[in-house]
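Enquirer: The structure's right below; bear with me while I get my questions together.
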Amino acid sequence: QKEVEQDPGPLSVPEGAIVSLNCTYSNSAFQYFMWYRQYSRKGPELLMYTYSSGNKEDGRFTAQVDKSSKYISLFIRDSQPSDSATYLCALGGTSGSRLTFGEGTQLTVNP
Amino acid sequence: EPEVTQTPSHQVTQMGQEVILRCVPISNHLYFYWYRQILGQKVEFLVSFYNNEISEKSEIFDDQFSVERPDGSNFTLKIRSTKLEDSAMYFCASNRDLYGYTFGSGTRLTVV
């Protein structure tokens, strides 16, 4: 079983749609959960960070963590064409530890 | 906003040659990392560096790889004898605490 699983998509939605991106994980040692956005041939850009179960909101983005189910989500409200990118979940254990990434979900928001 | 800077953005090298990829992490960060991403695949951890020594390395980080922090600002990844399968995007990252895990824009390494 992979440590982190993420549906690679591709996912195509119309502008204004609510987007749901998800990852599951198997290792209970993961303590913090991040979502990165990556444009083609660029570095991952941190979008959201959380370490506890529950929801965290930042503008149009909401990160959700359910540690009991080992399931994390990113919701994008009122999606825009500029949101078109690959979204990566990344999980870590402590401050200086490695991040384990999902495969990334390729999202296209159509005008 | 502080950035992690990587140079060069693209490097082409012949198989068997040595390459050095350079990074300038964010100045007050304490932990430094290298990751790689082969085209179409996931981002993979290579090595982490703290307090002037390697704190963790993956199975990918074999004897052909080495890292150095030669001064207070630079952080380098050396690949001693490049192979075709080393072709990938290499990302440097740094952080000080859980919130600030920041990646650079990457160096695209092409081995021919």
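Going through the structure tokens in order, the chains are called A, B, and so on, while each chain numbers its residues from 1 and the ligands are numbered from 1 in the order shown.
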Define the interface residues of chain A facing chain B as those within 10 Å, counting only C-alpha atoms, and report them as number ranges by chain.

Expert: A: 32-34, 36, 38, 41-46, 48-51, 88, 90, 92-104

Enquirer: Could you write those residues out with N, CA and C atoms, as a CSV table (one decimal), in the first residue's frame?

Expert:
chain,number,residue,atom,x,y,z
A,32,TYR,N,1.5,16.6,10.0
A,32,TYR,CA,1.0,17.8,9.4
A,32,TYR,C,0.8,17.6,7.9
A,33,PHE,N,-0.1,18.4,7.4
A,33,PHE,CA,-0.7,18.2,6.1
A,33,PHE,C,-0.7,19.5,5.3
A,34,MET,N,-0.1,19.4,4.1
A,34,MET,CA,0.0,20.6,3.3
A,34,MET,C,-0.6,20.3,1.9
A,36,TYR,N,0.0,21.9,-1.9
A,36,TYR,CA,0.8,22.7,-2.8
A,36,TYR,C,0.2,22.8,-4.1
A,38,GLN,N,1.3,23.5,-8.2
A,38,GLN,CA,2.4,23.4,-9.0
A,38,GLN,C,2.0,23.7,-10.5
A,41,ARG,N,6.5,22.7,-14.8
A,41,ARG,CA,8.0,22.9,-14.7
A,41,ARG,C,8.3,24.0,-13.7
A,42,LYS,N,7.5,24.2,-12.7
A,42,LYS,CA,7.8,25.1,-11.7
A,42,LYS,C,7.9,24.4,-10.3
A,43,GLY,N,8.3,25.1,-9.3
A,43,GLY,CA,8.4,24.5,-8.0
A,43,GLY,C,7.0,24.5,-7.3
A,44,PRO,N,6.8,23.6,-6.4
A,44,PRO,CA,5.5,23.6,-5.6
A,44,PRO,C,5.4,24.9,-4.8
A,45,GLU,N,4.2,25.4,-4.7
A,45,GLU,CA,3.9,26.7,-4.0
A,45,GLU,C,2.9,26.3,-2.9
A,46,LEU,N,3.3,26.6,-1.7
A,46,LEU,CA,2.4,26.3,-0.5
A,46,LEU,C,1.1,27.0,-0.5
A,48,MET,N,-1.9,25.7,1.6
A,48,MET,CA,-2.5,25.5,2.9
A,48,MET,C,-1.7,24.6,3.7
A,49,TYR,N,-1.8,24.8,5.0
A,49,TYR,CA,-1.1,24.0,6.0
A,49,TYR,C,-2.0,23.7,7.1
A,50,THR,N,-2.0,22.5,7.6
A,50,THR,CA,-2.8,22.2,8.8
A,50,THR,C,-2.2,21.0,9.6
A,51,TYR,N,-2.5,20.9,10.9
A,51,TYR,CA,-1.9,19.8,11.6
A,51,TYR,C,-2.9,19.1,12.5
A,88,LEU,N,-0.9,19.3,-5.2
A,88,LEU,CA,-0.2,18.2,-4.6
A,88,LEU,C,-0.5,18.2,-3.1
A,90,ALA,N,0.9,17.0,0.5
A,90,ALA,CA,2.2,16.6,1.1
A,90,ALA,C,2.1,16.4,2.6
A,92,GLY,N,3.9,15.4,6.4
A,92,GLY,CA,5.2,15.3,7.1
A,92,GLY,C,5.0,14.9,8.6
A,93,GLY,N,6.1,14.6,9.3
A,93,GLY,CA,6.1,14.2,10.6
A,93,GLY,C,6.4,15.3,11.7
A,94,THR,N,7.6,15.9,11.5
A,94,THR,CA,8.0,16.9,12.4
A,94,THR,C,8.7,18.0,11.6
A,95,SER,N,9.2,19.1,12.3
A,95,SER,CA,9.7,20.3,11.7
A,95,SER,C,10.8,19.9,10.6
A,96,GLY,N,11.7,19.1,10.9
A,96,GLY,CA,12.8,18.9,10.0
A,96,GLY,C,12.7,17.6,9.2
A,97,SER,N,11.5,17.1,9.1
A,97,SER,CA,11.4,15.8,8.4
A,97,SER,C,11.0,16.0,7.0
A,98,ARG,N,11.2,14.9,6.2
A,98,ARG,CA,10.8,14.9,4.8
A,98,ARG,C,9.3,15.1,4.7
A,99,LEU,N,8.9,15.5,3.5
A,99,LEU,CA,7.5,15.5,3.1
A,99,LEU,C,7.3,14.4,2.1
A,100,THR,N,6.2,13.7,2.3
A,100,THR,CA,5.8,12.6,1.4
A,100,THR,C,4.6,13.2,0.5
A,101,PHE,N,4.8,13.2,-0.8
A,101,PHE,CA,3.9,13.8,-1.7
A,101,PHE,C,2.9,12.7,-2.3
A,102,GLY,N,1.7,13.2,-2.6
A,102,GLY,CA,0.9,12.4,-3.5
A,102,GLY,C,1.3,12.6,-4.9
A,103,GLU,N,0.6,11.9,-5.8
A,103,GLU,CA,1.0,12.0,-7.2
A,103,GLU,C,0.6,13.3,-7.8
A,104,GLY,N,-0.3,14.1,-7.2
A,104,GLY,CA,-0.8,15.3,-7.8
A,104,GLY,C,-2.0,15.1,-8.6

Enquirer: Can you list every residue in chain B that DSSP puts in strand (DSSP E), as a PyMOL selection string?

Expert: chain B and resi 5-7+10-13+19-24+31-37+44-50+53-57+65-68+75-79+88-95+102-103+107-111

Enquirer: Neighbouring residues of region 10-14 of chain A were defined as those with any atom within 7 Å, considering only C-alpha atoms; residues of the same chain fewer than 5 positions away were excluded. Please report them as a PyMOL selection string.

Expert: chain A and resi 105-111

Enquirer: I want to know what sits within 12 Å of Asn27 (chain A), based on only C-alpha atoms, with residues of the same chain fewer than 6 positions away left out; could you give that as an MDAnalysis selection string?

Expert: chainID A and resid 1:5 67:71 91:93 100

Enquirer: Atoms to include: N, CA, C and O atoms. Write the selected residues as a CSV table (one decimal), in the first residue's frame.

Expert:
chain,number,residue,atom,x,y,z
A,1,GLN,N,0.8,-1.2,0.0
A,1,GLN,CA,0.0,0.0,0.0
A,1,GLN,C,0.9,1.3,0.0
A,1,GLN,O,1.8,1.3,0.8
A,2,LYS,N,0.5,2.2,-0.9
A,2,LYS,CA,1.3,3.4,-0.9
A,2,LYS,C,1.1,4.2,0.3
A,2,LYS,O,0.0,4.2,0.9
A,3,GLU,N,2.1,5.0,0.8
A,3,GLU,CA,1.9,5.8,2.0
A,3,GLU,C,0.9,6.9,1.8
A,3,GLU,O,0.2,7.3,2.7
A,4,VAL,N,0.9,7.5,0.6
A,4,VAL,CA,0.0,8.6,0.2
A,4,VAL,C,-0.6,8.3,-1.1
A,4,VAL,O,0.1,8.1,-2.1
A,5,GLU,N,-1.9,8.4,-1.2
A,5,GLU,CA,-2.6,8.1,-2.5
A,5,GLU,C,-3.4,9.4,-2.9
A,5,GLU,O,-4.1,9.9,-2.1
A,67,LYS,N,-8.2,12.7,10.7
A,67,LYS,CA,-7.1,11.8,11.1
A,67,LYS,C,-7.6,10.4,11.3
A,67,LYS,O,-6.9,9.4,11.1
A,68,SER,N,-8.9,10.3,11.8
A,68,SER,CA,-9.4,9.0,12.1
A,68,SER,C,-9.6,8.1,10.9
A,68,SER,O,-9.4,6.9,10.8
A,69,SER,N,-9.9,8.8,9.8
A,69,SER,CA,-10.1,8.1,8.5
A,69,SER,C,-8.8,8.2,7.6
A,69,SER,O,-8.8,7.6,6.5
A,70,LYS,N,-7.8,8.9,8.1
A,70,LYS,CA,-6.6,9.2,7.3
A,70,LYS,C,-7.0,9.7,5.9
A,70,LYS,O,-6.6,9.2,4.8
A,71,TYR,N,-7.7,10.8,5.9
A,71,TYR,CA,-8.2,11.4,4.7
A,71,TYR,C,-8.1,12.9,4.8
A,71,TYR,O,-8.5,13.5,5.8
A,91,LEU,N,2.6,15.4,3.1
A,91,LEU,CA,2.4,15.0,4.5
A,91,LEU,C,3.8,14.9,5.2
A,91,LEU,O,4.8,14.4,4.6
A,92,GLY,N,3.9,15.4,6.4
A,92,GLY,CA,5.2,15.3,7.1
A,92,GLY,C,5.0,14.9,8.6
A,92,GLY,O,3.8,14.9,9.1
A,93,GLY,N,6.1,14.6,9.3
A,93,GLY,CA,6.1,14.2,10.6
A,93,GLY,C,6.4,15.3,11.7
A,93,GLY,O,5.7,15.5,12.6
A,100,THR,N,6.2,13.7,2.3
A,100,THR,CA,5.8,12.6,1.4
A,100,THR,C,4.6,13.2,0.5
A,100,THR,O,3.6,13.6,1.1

Enquirer: Would you mind listing what lies within 8 Å of Leu109 (chain B) as a list of chain:residue names, with only C-alpha atoms counted and same-chain residues fewer than 5 positions away left out?

Expert: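 Counting only C-alpha atoms, the residues come to B:His10, B:Gln11, B:Val12, B:Thr13, B:Asp86, B:Ser87, B:Ala88, B:Met89, B:Tyr90.
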
Enquirer: Skip Gly16 (chain B) itself and residues of its chain fewer than 4 positions away, then list as a PyMOL selection string all residues within 7 Å of it, counting only C-alpha atoms.

Expert: chain B and resi 81-83
